[in-house]
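Structure file data_12.csv; described as CSV, C-alpha atoms.
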chain,number,residue,atom,x,y,z
A,1,MET,CA,3.0,30.8,2.6
A,2,SER,CA,-0.7,30.4,1.7
A,3,GLN,CA,0.3,28.8,-1.6
A,4,PHE,CA,2.5,26.4,0.3
A,5,LEU,CA,-0.4,25.5,2.6
A,6,LEU,CA,-2.7,25.1,-0.4
A,7,PHE,CA,-0.4,22.7,-2.3
A,8,SER,CA,0.4,20.8,0.9
A,9,ALA,CA,-3.4,20.4,1.5
A,10,ILE,CA,-3.9,19.2,-2.1
A,11,LYS,CA,-1.1,16.7,-1.8
A,12,ALA,CA,-2.5,15.4,1.6
A,13,VAL,CA,-6.0,15.0,0.1
A,14,ALA,CA,-4.6,13.2,-2.9
A,15,VAL,CA,-2.5,10.8,-0.8
A,16,PHE,CA,-5.4,10.2,1.6
A,17,GLY,CA,-7.7,9.4,-1.4
A,18,ALA,CA,-5.1,7.1,-2.9
A,19,VAL,CA,-4.6,5.2,0.4
A,20,MET,CA,-8.4,4.8,0.9
A,21,THR,CA,-8.9,3.6,-2.7
A,22,MET,CA,-6.1,1.0,-2.3
A,23,PHE,CA,-7.6,0.0,1.0
A,24,ALA,CA,-11.0,-0.6,-0.6
A,25,TYR,CA,-9.7,-2.6,-3.5
A,26,GLY,CA,-7.1,-4.4,-1.4
A,27,VAL,CA,-9.8,-5.7,0.9
A,28,LEU,CA,-11.9,-6.8,-2.1
A,29,VAL,CA,-9.1,-8.6,-3.9
A,30,GLU,CA,-7.9,-10.2,-0.6
A,31,ARG,CA,-11.3,-11.7,0.2
A,32,ARG,CA,-12.3,-12.7,-3.3
A,33,VAL,CA,-9.1,-14.6,-4.0
A,34,ALA,CA,-9.1,-16.2,-0.5
A,35,ALA,CA,-12.6,-17.3,-1.1
A,36,PHE,CA,-11.7,-18.7,-4.5
A,37,ILE,CA,-8.7,-20.6,-3.0
A,38,GLN,CA,-10.9,-22.1,-0.3
A,39,ASP,CA,-13.7,-23.1,-2.7
A,40,ARG,CA,-16.3,-20.8,-1.2
A,41,VAL,CA,-17.0,-18.4,-4.1
A,42,ALA,CA,-19.9,-15.9,-4.0
A,43,ARG,CA,-23.2,-16.7,-5.6
A,44,THR,CA,-22.7,-14.7,-8.8
A,45,ALA,CA,-19.2,-16.2,-9.2
A,46,SER,CA,-20.5,-19.7,-8.5
A,47,VAL,CA,-23.1,-19.4,-11.2
A,48,LEU,CA,-20.4,-18.3,-13.7
A,49,LEU,CA,-18.2,-21.2,-12.6
A,50,VAL,CA,-21.1,-23.7,-13.1
A,51,CYS,CA,-21.8,-22.2,-16.6
A,52,TYR,CA,-18.1,-22.5,-17.5
A,53,SER,CA,-17.8,-26.1,-16.2
A,54,HIS,CA,-20.8,-27.1,-18.3
A,55,SER,CA,-19.8,-25.3,-21.4
A,56,PRO,CA,-18.5,-27.5,-24.4
A,57,THR,CA,-15.1,-25.8,-24.4
A,58,ALA,CA,-14.4,-26.5,-20.7
B,1,MET,CA,-20.6,2.3,3.7
B,2,LYS,CA,-21.8,-0.9,5.4
B,3,ALA,CA,-19.8,0.0,8.5
B,4,ILE,CA,-21.2,3.6,8.6
B,5,LEU,CA,-24.8,2.4,8.4
B,6,LYS,CA,-24.5,-0.3,11.1
B,7,GLU,CA,-25.6,0.4,14.7
B,8,ASP,CA,-22.8,1.9,16.7
B,9,PHE,CA,-23.1,-0.3,19.8
B,10,THR,CA,-21.1,0.5,23.0
B,11,PRO,CA,-21.3,-2.3,25.6
B,12,MET,CA,-22.2,-1.3,29.2
B,13,HIS,CA,-19.0,-2.7,30.8
B,14,VAL,CA,-16.4,-0.7,28.7
B,15,ARG,CA,-14.4,2.3,29.8
B,16,LYS,CA,-16.1,4.7,27.4
B,17,VAL,CA,-13.6,7.5,26.8
B,18,TYR,CA,-10.7,5.2,26.1
B,19,PHE,CA,-13.1,2.9,24.1
B,20,TRP,CA,-13.9,5.7,21.8
B,21,LEU,CA,-10.3,7.1,21.6
B,22,ALA,CA,-8.6,3.8,20.8
B,23,PRO,CA,-9.7,3.4,17.1
B,24,ALA,CA,-8.7,6.9,16.3
B,25,ILE,CA,-5.3,6.4,17.9
B,26,THR,CA,-4.8,3.3,15.8
B,27,MET,CA,-5.8,4.9,12.5
B,28,VAL,CA,-4.2,8.4,12.6
B,29,PRO,CA,-0.5,7.4,13.0
B,30,ALA,CA,-0.8,5.1,10.0
B,31,PHE,CA,-1.8,8.1,7.8
B,32,LEU,CA,0.8,10.4,9.4
B,33,THR,CA,3.6,8.0,8.4
B,34,VAL,CA,2.8,8.4,4.7
B,35,ALA,CA,3.4,12.2,4.9
B,36,VAL,CA,7.2,12.0,4.7
B,37,ILE,CA,7.4,9.4,1.9
B,38,PRO,CA,8.2,10.9,-1.6
B,39,PHE,CA,5.6,9.4,-4.0
B,40,GLY,CA,7.0,11.1,-7.1
B,41,SER,CA,9.7,13.6,-8.2
B,42,VAL,CA,8.3,16.9,-9.4
B,43,LEU,CA,4.8,17.8,-10.9
B,44,GLY,CA,3.9,21.3,-11.9
B,45,GLY,CA,6.9,22.7,-10.0
B,46,GLN,CA,5.8,21.0,-6.8
B,47,ARG,CA,7.9,18.3,-5.1
B,48,MET,CA,5.7,15.1,-4.7
B,49,VAL,CA,6.1,14.7,-0.9
B,50,ILE,CA,3.9,16.3,1.7
B,51,ALA,CA,6.7,17.0,4.2
B,52,ASP,CA,10.4,16.5,3.1
B,53,LEU,CA,11.9,16.1,6.6
B,54,ASN,CA,15.6,15.8,7.1
B,55,VAL,CA,14.9,13.1,9.8
B,56,GLY,CA,12.2,11.4,7.7
B,57,ILE,CA,13.0,7.9,8.9
B,58,LEU,CA,13.2,8.9,12.6
B,59,TYR,CA,9.8,10.6,12.2
B,60,SER,CA,8.3,7.4,10.6
B,61,PHE,CA,9.5,5.1,13.4
B,62,GLY,CA,8.4,7.6,16.0
B,63,ILE,CA,4.9,7.8,14.6
B,64,VAL,CA,4.6,4.0,13.9
B,65,SER,CA,5.5,3.3,17.5
B,66,LEU,CA,2.4,5.4,18.6
B,67,GLY,CA,0.1,2.9,16.8
B,68,VAL,CA,0.6,0.3,19.6
B,69,TYR,CA,-1.1,2.6,22.1
B,70,GLY,CA,-4.4,2.4,20.3
B,71,ILE,CA,-4.4,-1.4,20.3
B,72,VAL,CA,-3.3,-1.6,24.0
B,73,LEU,CA,-5.9,1.0,24.9
B,74,ALA,CA,-8.6,-0.9,23.0
B,75,GLY,CA,-7.7,-4.1,24.9
B,76,TYR,CA,-7.8,-2.2,28.3
B,77,ALA,CA,-10.9,-0.2,27.6
B,78,SER,CA,-13.0,-3.2,26.4
B,79,ASN,CA,-12.8,-4.5,29.9
B,80,SER,CA,-13.1,-8.2,29.0
B,81,LYS,CA,-10.7,-11.0,28.8
B,82,TYR,CA,-10.2,-11.7,25.0
B,83,PRO,CA,-9.5,-8.0,24.1
B,84,PHE,CA,-7.2,-7.8,27.1
B,85,LEU,CA,-5.2,-10.8,26.0
B,86,GLY,CA,-5.1,-9.4,22.4
B,87,GLY,CA,-3.8,-6.0,23.7
B,88,ILE,CA,-1.1,-7.7,25.7
B,89,ARG,CA,0.0,-9.9,22.8
B,90,SER,CA,0.0,-6.9,20.5
B,91,SER,CA,2.1,-4.7,22.8
B,92,ALA,CA,4.7,-7.4,23.2
B,93,GLN,CA,4.7,-8.2,19.5
B,94,LEU,CA,4.9,-4.6,18.2
B,95,ILE,CA,7.6,-3.5,20.6
B,96,SER,CA,9.7,-6.7,19.8
B,97,TYR,CA,9.6,-6.2,16.1
B,98,GLU,CA,10.1,-2.5,16.2
B,99,ILE,CA,13.6,-3.1,17.5
B,100,SER,CA,14.6,-5.5,14.7
B,101,MET,CA,12.9,-3.2,12.1
B,102,GLY,CA,14.8,-0.2,13.5
B,103,LEU,CA,18.1,-2.0,13.5
B,104,SER,CA,17.6,-3.4,10.0
B,105,VAL,CA,17.5,0.1,8.4
B,106,ILE,CA,20.6,1.4,10.2
B,107,PRO,CA,23.1,-0.1,7.6
B,108,LEU,CA,21.1,1.7,4.8
B,109,PHE,CA,21.6,5.1,6.4
B,110,MET,CA,25.3,4.2,7.0
B,111,LEU,CA,25.7,3.7,3.3
B,112,VAL,CA,23.6,6.7,2.2
B,113,GLY,CA,24.9,9.0,4.9
B,114,ASP,CA,21.6,10.9,5.3
B,115,LEU,CA,18.3,10.3,7.1
B,116,ASN,CA,16.3,12.2,4.4
B,117,LEU,CA,14.2,9.8,2.4
B,118,SER,CA,14.6,11.8,-0.9
B,119,SER,CA,18.4,11.4,-0.4
B,120,VAL,CA,17.9,7.6,0.0
B,121,ILE,CA,16.1,7.6,-3.4
B,122,GLY,CA,18.8,9.7,-4.9
B,123,TYR,CA,21.4,7.2,-3.7
B,124,GLN,CA,19.6,4.4,-5.5
B,125,SER,CA,18.8,6.2,-8.8
B,126,SER,CA,21.9,5.4,-10.9
B,127,THR,CA,21.5,1.7,-11.8
B,128,LEU,CA,19.3,-1.3,-11.0
B,129,PHE,CA,22.0,-2.7,-8.7
B,130,SER,CA,22.2,0.6,-6.8
B,131,TRP,CA,18.8,-0.4,-5.3
B,132,LEU,CA,19.4,-1.2,-1.6
B,133,ILE,CA,17.6,-4.5,-1.9
B,134,PHE,CA,20.7,-5.8,-3.8
B,135,LYS,CA,23.2,-4.1,-1.5
B,136,GLN,CA,21.4,-5.0,1.8
B,137,PRO,CA,19.3,-8.1,1.2
B,138,ILE,CA,19.5,-9.2,4.9
B,139,ALA,CA,18.1,-5.8,5.9
B,140,PHE,CA,15.3,-6.2,3.4
B,141,LEU,CA,14.4,-9.7,4.7
B,142,ILE,CA,14.3,-8.5,8.3
B,143,PHE,CA,12.3,-5.4,7.3
B,144,VAL,CA,9.7,-7.4,5.3
B,145,VAL,CA,9.1,-9.9,8.1
B,146,SER,CA,9.0,-7.2,10.7
B,147,ALA,CA,6.5,-5.3,8.6
B,148,PHE,CA,4.2,-8.3,8.7
B,149,ALA,CA,4.5,-8.4,12.5
B,150,GLU,CA,4.1,-4.6,12.9
B,151,THR,CA,0.9,-4.6,10.8
B,152,ASN,CA,-0.6,-7.6,12.6
B,153,ARG,CA,-0.9,-9.5,9.4
B,154,LEU,CA,-0.8,-13.2,8.9
B,155,PRO,CA,1.4,-15.2,9.7
B,156,PHE,CA,1.7,-12.9,12.7
B,157,ASP,CA,-1.9,-11.9,13.4
B,158,LEU,CA,-1.8,-13.2,16.9
B,159,PRO,CA,-3.3,-10.1,18.6
B,160,GLU,CA,-6.6,-10.8,16.7
B,161,SER,CA,-6.4,-14.5,16.1
B,162,GLU,CA,-10.0,-15.6,15.7
B,163,GLN,CA,-9.7,-19.2,16.9
B,164,GLU,CA,-8.1,-18.3,20.2
B,165,LEU,CA,-9.2,-14.7,21.0
B,166,VAL,CA,-12.5,-14.3,19.1
B,167,GLY,CA,-11.3,-11.1,17.5
B,168,GLY,CA,-8.6,-10.0,20.0
B,169,TYR,CA,-8.4,-6.3,20.8
B,170,ASN,CA,-11.4,-5.4,18.5
B,171,THR,CA,-13.8,-8.1,19.8
B,172,GLU,CA,-16.1,-5.5,21.5
B,173,TYR,CA,-16.1,-3.1,18.6
B,174,SER,CA,-18.7,-2.7,15.9
B,175,SER,CA,-19.7,-0.3,13.2
B,176,MET,CA,-17.5,2.6,12.2
B,177,LYS,CA,-15.2,2.1,15.3
B,178,PHE,CA,-14.3,-1.4,14.0
B,179,ALA,CA,-13.9,0.0,10.5
B,180,LEU,CA,-11.3,2.5,11.9
B,181,PHE,CA,-9.2,-0.4,13.2
B,182,PHE,CA,-9.6,-2.1,9.8
B,183,ILE,CA,-8.6,1.1,7.9
B,184,GLY,CA,-5.7,1.5,10.3
B,185,GLU,CA,-4.4,-2.0,9.6
B,186,TYR,CA,-4.5,-1.5,5.8
B,187,ALA,CA,-3.1,2.1,6.0
B,188,ASN,CA,-0.3,0.6,8.0
B,189,MET,CA,0.3,-2.0,5.3
B,190,ILE,CA,0.3,0.6,2.6
B,191,ALA,CA,2.7,2.8,4.7
B,192,ALA,CA,5.0,-0.2,5.3
B,193,CYS,CA,5.0,-1.0,1.5
B,194,ALA,CA,5.6,2.6,0.6
B,195,MET,CA,8.6,2.7,3.1
B,196,MET,CA,10.0,-0.5,1.5
B,197,VAL,CA,9.7,1.0,-2.0
B,198,THR,CA,11.5,4.1,-0.8
B,199,LEU,CA,14.2,2.3,1.2
B,200,PHE,CA,14.9,-0.7,-0.9
B,201,LEU,CA,13.4,-0.5,-4.4
B,202,GLY,CA,14.5,2.9,-5.6
B,203,GLY,CA,11.3,4.9,-4.8
B,204,TRP,CA,9.9,6.6,-7.8
B,205,THR,CA,13.0,6.0,-10.0
B,206,LEU,CA,13.6,3.5,-12.7
B,207,PRO,CA,17.1,3.2,-14.1
B,208,TRP,CA,15.9,3.2,-17.8
B,209,PHE,CA,14.5,5.8,-20.2
B,210,GLY,CA,16.0,8.6,-18.2
B,211,LEU,CA,13.4,8.0,-15.4
B,212,ASN,CA,16.1,8.2,-12.7
B,213,GLN,CA,16.3,12.0,-12.7
B,214,PRO,CA,13.7,14.5,-11.3
B,215,ALA,CA,11.0,15.1,-14.0
B,216,ASP,CA,11.4,18.1,-16.3
B,217,THR,CA,8.1,17.5,-18.1
B,218,LEU,CA,4.6,16.9,-16.9
B,219,LEU,CA,4.5,13.4,-18.5
B,220,LYS,CA,7.7,12.3,-16.7
B,221,GLY,CA,6.3,13.6,-13.4
B,222,ILE,CA,3.1,11.5,-13.9
B,223,ALA,CA,5.3,8.5,-14.9
B,224,HIS,CA,7.3,8.8,-11.7
B,225,ILE,CA,4.1,8.7,-9.6
B,226,GLY,CA,3.0,5.7,-11.7
B,227,ILE,CA,6.3,3.9,-11.1
B,228,PHE,CA,5.9,4.5,-7.4
B,229,LEU,CA,2.3,3.2,-7.4
B,230,ALA,CA,3.3,0.1,-9.5
B,231,LYS,CA,6.0,-0.9,-7.0
B,232,LEU,CA,3.7,-0.2,-4.1
B,233,ALA,CA,0.9,-2.3,-5.7
B,234,PHE,CA,3.4,-5.2,-6.2
B,235,LEU,CA,4.5,-5.2,-2.6
B,236,LEU,CA,0.9,-4.9,-1.4
B,237,MET,CA,0.0,-7.9,-3.5
B,238,PHE,CA,2.9,-9.8,-1.9
B,239,LEU,CA,1.6,-9.0,1.6
B,240,ILE,CA,-1.9,-10.1,0.6
B,241,TRP,CA,-0.5,-13.2,-1.2
B,242,VAL,CA,1.2,-14.3,2.1
B,243,ARG,CA,-2.1,-14.1,3.9
B,244,TRP,CA,-3.7,-16.4,1.3
B,245,MET,CA,-0.9,-19.0,1.6
B,246,TRP,CA,0.6,-19.1,5.1
B,247,PRO,CA,-0.7,-20.4,8.4
B,248,ARG,CA,-0.3,-18.6,11.7
B,249,PHE,CA,2.8,-18.9,13.8
B,250,ARG,CA,2.7,-19.9,17.5
B,251,TYR,CA,3.4,-17.1,19.9
B,252,ASP,CA,6.7,-18.6,21.2
B,253,GLN,CA,7.8,-19.0,17.6
B,254,LEU,CA,7.0,-15.3,16.9
B,255,MET,CA,9.0,-14.2,19.9
B,256,ASP,CA,11.9,-16.6,19.1
B,257,LEU,CA,12.1,-15.2,15.6
B,258,GLY,CA,12.1,-11.6,16.8
B,259,TRP,CA,14.5,-11.7,19.7
B,260,ARG,CA,16.8,-14.7,19.1
B,261,ARG,CA,17.2,-14.5,15.3
B,262,PHE,CA,16.4,-11.1,13.8
B,263,ILE,CA,17.9,-8.9,16.5
B,264,PRO,CA,21.3,-10.7,16.4
B,265,LEU,CA,21.2,-10.9,12.6
B,266,ALA,CA,20.4,-7.1,12.3
B,267,LEU,CA,23.3,-6.3,14.8
B,268,ALA,CA,25.6,-8.5,12.7
B,269,ASN,CA,24.5,-6.8,9.6
B,270,ILE,CA,25.3,-3.3,11.1
B,271,LEU,CA,28.7,-4.6,12.1
B,272,ALA,CA,29.5,-6.1,8.7
B,273,THR,CA,28.4,-2.8,7.0
B,274,ALA,CA,30.6,-0.8,9.4
B,275,VAL,CA,33.6,-3.0,8.7
B,276,PHE,CA,32.9,-2.8,4.9
B,277,LEU,CA,32.7,1.0,5.1
B,278,TRP,CA,35.9,1.2,7.2
B,279,ILE,CA,37.8,-1.0,4.8
B,280,ARG,CA,36.6,1.1,1.8
B,281,SER,CA,37.6,4.4,3.4
B,282,ARG,CA,41.2,3.3,4.0

Written as structure tokens, that's how I'd like the structure from this file.
Amino acid sequence: MSQFLLFSAIKAVAVFGAVMTMFAYGVLVERRVAAFIQDRVARTASVLLVCYSHSPTA
Amino acid sequence: MKAILKEDFTPMHVRKVYFWLAPAITMVPAFLTVAVIPFGSVLGGQRMVIADLNVGILYSFGIVSLGVYGIVLAGYASNSKYPFLGGIRSSAQLISYEISMGLSVIPLFMLVGDLNLSSVIGYQSSTLFSWLIFKQPIAFLIFVVSAFAETNRLPFDLPESEQELVGGYNTEYSSMKFALFFIGEYANMIAACAMMVTLFLGGWTLPWFGLNQPADTLLKGIAHIGIFLAKLAFLLMFLIWVRWMWPRFRYDQLMDLGWRRFIPLALANILATAVFLWIRSR
């Protein structure tokens, strides 16, 4: 019985951790790509884009 | 971290007990739904599901329907007009689409003959075309669209539409209480995608390389979890992709789609499946 509870608790913690990780990265990806589509990239990304657009290969 | 460190501000005019209770009621059911979904086969002698209930799908729908109380309570407890309108919109929307979502999965269980989600995966494990997305495409379509409405996502995010209702039911919330609503929304999305993977995309199985049978080695057990997560990530990206691309529906269009199109379509699908099973049994 105690082993069943232990394994159930481990599985619950693992699933909770996975959901929270997916939540965090899901929000990040959603906002980053939405910003990219709407031409309002973050400062760091905009610097990179400017560098890329001025590079000889671009 | 940002949400935790912000000031937890409670406006003077709110109904305090309900105001504090609402975010928790929104978040907890979303996590409880995941408990019955098998996310792998066997790993180290343990079945990869937290609770393998015989009535898994009924449990899921029962718990999902509790989520609406949190949003309605937030609208009521905020004691101001925009959250109130958001709460009313939400209750109408969630209740409407719960019906079509519930009706859409009935043909699946008529085919499988069991309400246990592990049995549903077992039914789909033999070949690629055993996946219920191929056998019940109409059910999948209704389920996907209803999932958007149930999770308050674009194009159906009318309960929190910024241009009309400021933020809807969560207008008066800040700090960690707002984050709980936010986590609840995403946990609902993940739960809906996990349910779609289980019901329509074969769950943790893959019909190649012997990956459609419960794992007998540690590596296969890990591979099954990986397969489940990959399918889940694909559907999650689809939900996010729709938000990038689609504008918001009008409220009458939302109700029209739910009541006048999906419910009759779902009922017709049940009837067609019943007739098919009756003919096959003769």

| said: Can you pull out the residues contacting stretch 2-11 of chain A? Cut-off 8 Å, using only C-alpha atoms, and skip same-chain residues under 6 positions away; I want them as a list in words. | reply: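 Within the cut-off, the hits are Gln46, Met48, Val49 and Ile50 of chain B.
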
| said: Need the shell around B:Gln253: protein/DNA/RNA residues with any atom at most 12 Å away, counting only C-alpha atoms. Skip same-chain ones fewer than 6 positions apart. Format as a list in words? | reply: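 What passes the distance filter is Gln93, Pro155, Phe156, Leu158, Trp259, Arg260 and Arg261 of chain B.
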
| Within 12 Å of A:Ala18, counting only C-alpha atoms, which residues qualify if same-chain residues fewer than 4 places away don't, as number ranges by chain? | A: 11-14, 22-26; B: 31, 34, 39, 187, 190-191, 225, 229, 232-233

| field | Shell around B:Thr26 at 7 Å using only C-alpha atoms, local window under 4 positions removed, as a list in words | value |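 Contacts, in chain order: Ala22, Gly67, Gly70, Ile71, Phe181 and Gly184 of chain B.
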
| Rounded to one decimal in Å, what is the spacing between atom CA of B:Gln124 and atom CA of B:Leu265? |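 Separation of atom CA of B:Gln124 and atom CA of B:Leu265: 23.8 Å.
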
| Residues of chain B within 12 Å of chain A, only C-alpha atoms counted, as a PyMOL selection string | chain B and resi 1+27-28+30-40+43-52+179-180+182-191+193-194+225+229-230+232-246

| field | Interatomic distance (Å, one decimal) between atom CA of B:Gly75 and atom CA of B:Leu21 | value |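 Going from atom CA of B:Gly75 over to atom CA of B:Leu21, I get 12.0 Å.
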
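Rounded to one decimal, atom CA of B:Gly226 and atom CA of B:Trp204 lie 8.0 Å from each other.
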